[in-house]
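Colleague: Okay, handing you the structure first.
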Amino acid sequence: MFKTKLSQSHAWGEFYTLKLMHRHIGAIAALILISLLSSLSGTPDRYTISNCWEGFLWGLADPVIGLDCLVGIVAIGLLSSVFVRGAVIARCFVLATVLGIIIHVLQLNLPGTEIAIAESVGAAIAISTIVFGTMLMMPNQLNFMVLALVGVSAGLFQGYANAESLIGAGIMPLVAYILGITLTLFAVTMSARKIGVAMGMGEINRILPWKISIAGFAFCAIGIVFLSNSII
């Protein structure tokens, strides 16, 4: 009797986990679709933010409308699922993005800014996307500190790039923008992390599911396309 109840409980837990994973996958797929549609519709790369409402809306949208940025965020979440305390990596990425925004608004300079950001922001983000895609294809070689450092670097560059429209904006629009982008980044990275855990990336033996491997190839391909476009 006890074994039967335990078995039923275990089956229900697996069903709930699978259902939750499908919801997260559906949500991220919807975000990718929105990103593609935004690219096709010609969403402006440069815009101005004049009030809190615009700041909040663009904060929510900025991580989504750029496909190269979006896949990098998803990759961070998936890679963080390899480690038990991987949520720290995702949080560091989000905080680094906010720090990058603040650095740009204060008009400070990052090391290599003239080359990696001011002259070719798209190239810097595309390269980070390629790096994350490569990491997804060989998780057995991942190191916690290396992934954290790469994530922080990517967050700084992405935040610095996204803050272009905030130059000259007031304090309240800036706060609203940061709130919006933080909500989106946390939602996407944590959802991707849960997907990775549900698919077995967090197991000790780190057996990489073929779907994650395909995602890694796809992310690399997207990064290469954006990198070639930014160079040309």
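Chain lettering (A, B, ...) mirrors the order of the structure tokens, residue numbering begins at 1 for each chain separately, and ligand numbering begins at 1 in order of display.
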Tell me, as a count of residues only, which residues lie within 9 Å of region 167-170 of chain A, counting only C-alpha atoms; anything in the same chain fewer than 3 positions away does not count.
Modeller: 14
Colleague: Within 8 Å of Tyr160 (chain A), counting only C-alpha atoms, which residues qualify if same-chain residues fewer than 6 places away don't, as number ranges by chain?
Modeller: A: 97, 100-104, 117
Colleague: Which polymer residues have any atom within 10 Å of an atom of region 178-186 of chain A, counting only C-alpha atoms, with same-chain residues fewer than 4 positions away left out, as a tab-separated table (two decimals) with N, CA and C atoms, in the first residue's frame?
Modeller:
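Final output, selection.tsv:
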```
chain	number	residue	atom	x	y	z
A	53	TRP	N	6.94	55.44	-17.86
A	53	TRP	CA	6.21	54.37	-18.55
A	53	TRP	C	7.02	53.84	-19.73
A	55	GLY	N	10.22	54.07	-20.04
A	55	GLY	CA	11.39	53.41	-19.48
A	55	GLY	C	11.08	51.98	-19.06
A	56	PHE	N	9.95	51.78	-18.39
A	56	PHE	CA	9.59	50.44	-17.93
A	56	PHE	C	9.31	49.51	-19.11
A	57	LEU	N	8.54	49.99	-20.10
A	57	LEU	CA	8.20	49.15	-21.25
A	57	LEU	C	9.43	48.76	-22.06
A	58	TRP	N	10.32	49.73	-22.31
A	58	TRP	CA	11.52	49.40	-23.06
A	58	TRP	C	12.45	48.52	-22.24
A	59	GLY	N	12.43	48.67	-20.92
A	59	GLY	CA	13.21	47.78	-20.07
A	59	GLY	C	12.74	46.34	-20.19
A	60	LEU	N	11.43	46.15	-20.24
A	60	LEU	CA	10.88	44.80	-20.43
A	60	LEU	C	11.21	44.25	-21.82
A	61	ALA	N	11.21	45.12	-22.81
A	61	ALA	CA	11.32	44.66	-24.20
A	61	ALA	C	12.74	44.48	-24.69
A	62	ASP	N	13.67	45.31	-24.23
A	62	ASP	CA	15.03	45.29	-24.79
A	62	ASP	C	15.70	43.92	-24.79
A	63	PRO	N	15.61	43.13	-23.72
A	63	PRO	CA	16.27	41.82	-23.77
A	63	PRO	C	15.60	40.84	-24.73
A	64	VAL	N	14.39	41.17	-25.18
A	64	VAL	CA	13.61	40.25	-26.00
A	64	VAL	C	13.70	40.56	-27.49
A	70	LEU	N	18.78	37.79	-26.73
A	70	LEU	CA	17.84	36.84	-26.11
A	70	LEU	C	18.45	35.45	-25.99
A	73	ILE	N	20.91	35.22	-23.21
A	73	ILE	CA	20.27	35.15	-21.90
A	73	ILE	C	19.76	33.74	-21.62
A	74	VAL	N	19.14	33.13	-22.63
A	74	VAL	CA	18.65	31.75	-22.48
A	74	VAL	C	19.82	30.80	-22.23
A	77	GLY	N	21.00	30.85	-18.65
A	77	GLY	CA	20.12	30.08	-17.78
A	77	GLY	C	20.34	28.59	-17.91
A	90	ALA	N	23.38	33.18	-12.81
A	90	ALA	CA	22.32	33.94	-13.46
A	90	ALA	C	22.11	35.29	-12.80
A	91	ARG	N	22.17	35.32	-11.47
A	91	ARG	CA	22.00	36.58	-10.75
A	91	ARG	C	23.15	37.54	-11.03
A	93	PHE	N	24.87	37.68	-13.73
A	93	PHE	CA	24.66	38.19	-15.09
A	93	PHE	C	23.68	39.35	-15.08
A	94	VAL	N	22.57	39.20	-14.35
A	94	VAL	CA	21.56	40.26	-14.27
A	94	VAL	C	22.15	41.51	-13.61
A	95	LEU	N	22.85	41.33	-12.51
A	95	LEU	CA	23.45	42.46	-11.80
A	95	LEU	C	24.51	43.16	-12.66
A	97	THR	N	24.48	43.30	-15.91
A	97	THR	CA	23.76	44.06	-16.92
A	97	THR	C	23.32	45.41	-16.38
A	98	VAL	N	22.79	45.41	-15.15
A	98	VAL	CA	22.38	46.67	-14.52
A	98	VAL	C	23.59	47.57	-14.32
A	99	LEU	N	24.72	46.99	-13.91
A	99	LEU	CA	25.93	47.77	-13.71
A	99	LEU	C	26.40	48.38	-15.03
A	101	ILE	N	24.51	49.25	-17.50
A	101	ILE	CA	23.61	50.38	-17.78
A	101	ILE	C	24.07	51.62	-17.02
A	102	ILE	N	24.36	51.43	-15.74
A	102	ILE	CA	24.76	52.56	-14.90
A	102	ILE	C	26.08	53.16	-15.39
A	159	GLY	N	24.38	45.39	-21.00
A	159	GLY	CA	23.80	46.52	-20.30
A	159	GLY	C	24.31	47.84	-20.86
A	162	ASN	N	22.49	48.46	-24.15
A	162	ASN	CA	21.07	48.78	-23.99
A	162	ASN	C	20.83	50.18	-23.44
A	163	ALA	N	21.83	50.74	-22.76
A	163	ALA	CA	21.64	52.03	-22.10
A	163	ALA	C	21.81	53.22	-23.03
A	172	MET	N	14.01	58.95	-12.64
A	172	MET	CA	12.86	58.05	-12.56
A	172	MET	C	12.71	57.16	-13.80
A	173	PRO	N	12.84	57.71	-15.03
A	173	PRO	CA	12.83	56.81	-16.19
A	173	PRO	C	13.94	55.77	-16.15
A	174	LEU	N	15.12	56.15	-15.63
A	174	LEU	CA	16.23	55.21	-15.50
A	174	LEU	C	15.88	54.09	-14.52
A	190	MET	N	15.85	32.32	-15.20
A	190	MET	CA	15.36	31.32	-14.26
A	190	MET	C	14.51	30.26	-14.96
A	191	SER	N	13.74	30.68	-15.97
A	191	SER	CA	12.96	29.71	-16.74
A	191	SER	C	13.88	28.76	-17.50
A	192	ALA	N	14.91	29.33	-18.14
A	192	ALA	CA	15.87	28.50	-18.87
A	192	ALA	C	16.61	27.56	-17.92
```
